[in-house]
Amino acid sequence: MALIQLLVPLAVALVIGFMLIPVVIGMAVRWKVCDKPNGRTNREIAHIGGIAIFGAVLFSLVTVFLFVLPDHPLNRTILPVLITSGIFTFLLGLIDDLRSLHYLYKLFLQIAVAVGVAAGGLALCGHFGMLVLPIAASVIAFAVASAWVLGVTTSFNLIDGIDGLAAGISVIASVSFAIAGIALHLPLVTALSAAVLGASIAFLRFNFPPARIFMGDSGSLFLGLMFSLVSLLVVFAGGGVLHRAFGAVMILAVPLLDTALAFFRRLLSGRKPFEADHMHLHHLLLFRFSSARRADAVLWSISVVFSAIGVLTMLGSTVTLVGGTVLAAAFFTIALRRMVRFTIERQRAERILAECGVSSTSMAAHTD
């Protein structure tokens with residue numbers, strides 16, 4: 001049965017994704033919905049790929065809930081939360097792709113979605129008797145779940161900075177959560193992860209450097225939401241909460257660490273913490289290798305290592321929990337120190353970014 005819960009959503013999302021992406025590219029060209037030189041890239045390229053990702057995952061999950069998953073209160077609970085939050089997040093991202101929302105408006109709406117997901121999920125779990133908590137514990141669970149959803153969606157939005165990176169990390173993370181779902185006997189986690197995996201593989205085929213389409217905020221925010229929900233399902237579905245929570249953090253370590261590094265780096269540099277720049281992990285790797293493919297390979301490799309640690313931790317390994325925590329702390333410390341001290345001549349940085357198809361219009365990298 002576990003094989004069916006894996007293969008059916010994977011196959012459906014993969015097929016639908018391959019069918020939708022060329023259609024979305026054609027729509028973007030026809031409607032002239034392409035990135036301009038003042039956007040993320042210096043190429044005119046479709047940036048509404050989130051439509052295909054959303055559609056592929058949605059079609060896959062409809063099939064799963066109707067024909068694959070058993071009738072269980074958890075499945076009935078997650079379905080309305082998943083659909084409602086998924087639609088709102090996708091629409092928020094799509095509006096930002098088309099209209100470029102101010103970051104404060106965007107952040108406010110992301111917070112609203114995160115709070116809604118946490119409140120709705122906890123309320124429905126309590127209604128079906130699956131999670132009975134005292135008031136104090138409920139408040140803590142609500143705050144943690146809201147912060148987690150906001151953090152993961154934001155991190156996936158920020159890591160989508162070069163061709164193929166976010167899609168590749170999505171593939172790695174969804175494989176990891178699918179393995180954890182099978183090992184922990186969580187069919188819903190397996191099915192959701194498989195649906196995201198199929199959509200991500202299909203999208204990566206067209207997003208691999210040099211990309212023919214970008215997922216945009218509609219895609220990155222939606223993927224982040226899916227991973228936040230999947231990881232919460234893993235954590236709240238059984239015992240070993242500490243191991244499962246740390247395991248989820250490890251699987252999503254690359255986007256989470258990049259977001260934390262960006263925040264603290266900007267504070268230490270005396271800049272606004274939410275001000276965009278070209279000093280993320282992937283940008284520094286671009287400056288080092290002058291190649292999006294090499295930058296992707298490095299961060300994908302790091303993601304594989306952390307994901308392997310995460311899966312083992314979820315299965316109850318205290319050794320990997322401690323080792324992963326030490327590794328993440330060391331990675332963060334070293335990366336933050338090098339970021340703060342990093343300098344590059346502006347013209348050289350602009351040339352490398354241009355060669356890799358990244359816009360340098362708003363570049364705020366450290367310069368000599």
# chains A, B, ... in the order shown; residues from 1 in each chain; ligands from 1

$ select_by_dssp --residues "range 60-266 of chain A" --states "helix (DSSP H, G or I)" --output "number ranges by chain"
A: 60-68, 73-99, 103-127, 135-159, 165-183, 187-207, 216-236, 241-251, 253-266

$ residues_around --residues "Leu257 in chain A" --least-positions-apart "5" --cutoff "9 Å" --atoms "only C-alpha atoms" --output "list in words"
Ser155, Leu252, Ala262, Ala328, Phe331 and Phe332 of chain A

$ residues_around --residues "Val62 in chain A" --least-positions-apart "2" --cutoff "12 Å" --atoms "only C-alpha atoms" --output "ChimeraX atom specification"
/A:8-9,12-13,55-60,64-69,75,79-80,82-83,191-192,195

$ write_last_selection --atoms "C-alpha atoms" --output "PDB file, in the first residue's frame"
ATOM      1  CA  VAL A   8       0.307   7.329  -7.782  1.00  0.00           C
ATOM      2  CA  PRO A   9       0.761  10.969  -6.631  1.00  0.00           C
ATOM      3  CA  VAL A  12       0.115  12.098 -11.626  1.00  0.00           C
ATOM      4  CA  ALA A  13       2.067  15.207 -10.593  1.00  0.00           C
ATOM      5  CA  GLY A  55      -1.764  22.735 -10.778  1.00  0.00           C
ATOM      6  CA  ALA A  56       0.330  19.561 -10.781  1.00  0.00           C
ATOM      7  CA  VAL A  57       0.258  19.224  -6.986  1.00  0.00           C
ATOM      8  CA  LEU A  58      -3.453  20.040  -6.793  1.00  0.00           C
ATOM      9  CA  PHE A  59      -4.466  17.486  -9.446  1.00  0.00           C
ATOM     10  CA  SER A  60      -2.264  14.885  -7.809  1.00  0.00           C
ATOM     11  CA  VAL A  64      -4.782  10.820  -3.783  1.00  0.00           C
ATOM     12  CA  PHE A  65      -7.572  11.900  -1.448  1.00  0.00           C
ATOM     13  CA  LEU A  66     -10.250  10.330  -3.650  1.00  0.00           C
ATOM     14  CA  PHE A  67      -8.663   7.006  -4.533  1.00  0.00           C
ATOM     15  CA  VAL A  68      -5.505   6.282  -2.546  1.00  0.00           C
ATOM     16  CA  LEU A  69      -5.592   7.480   1.051  1.00  0.00           C
ATOM     17  CA  ASN A  75      -6.989  13.151   6.142  1.00  0.00           C
ATOM     18  CA  LEU A  79      -7.695  18.569   3.325  1.00  0.00           C
ATOM     19  CA  PRO A  80      -9.503  21.881   4.012  1.00  0.00           C
ATOM     20  CA  LEU A  82      -4.243  22.262   2.651  1.00  0.00           C
ATOM     21  CA  ILE A  83      -6.596  23.514  -0.054  1.00  0.00           C
ATOM     22  CA  ALA A 191       1.516  11.037  -0.565  1.00  0.00           C
ATOM     23  CA  LEU A 192       2.004  14.790  -0.097  1.00  0.00           C
ATOM     24  CA  ALA A 195       3.022  14.924  -5.188  1.00  0.00           C
TER      25      ALA A 195
END

$ closest_residue --among "A:Ser176, A:Asn207, A:Gln110, A:Gln5" --to "Ser303 in chain A" --atoms "only C-alpha atoms"
A:Ser176
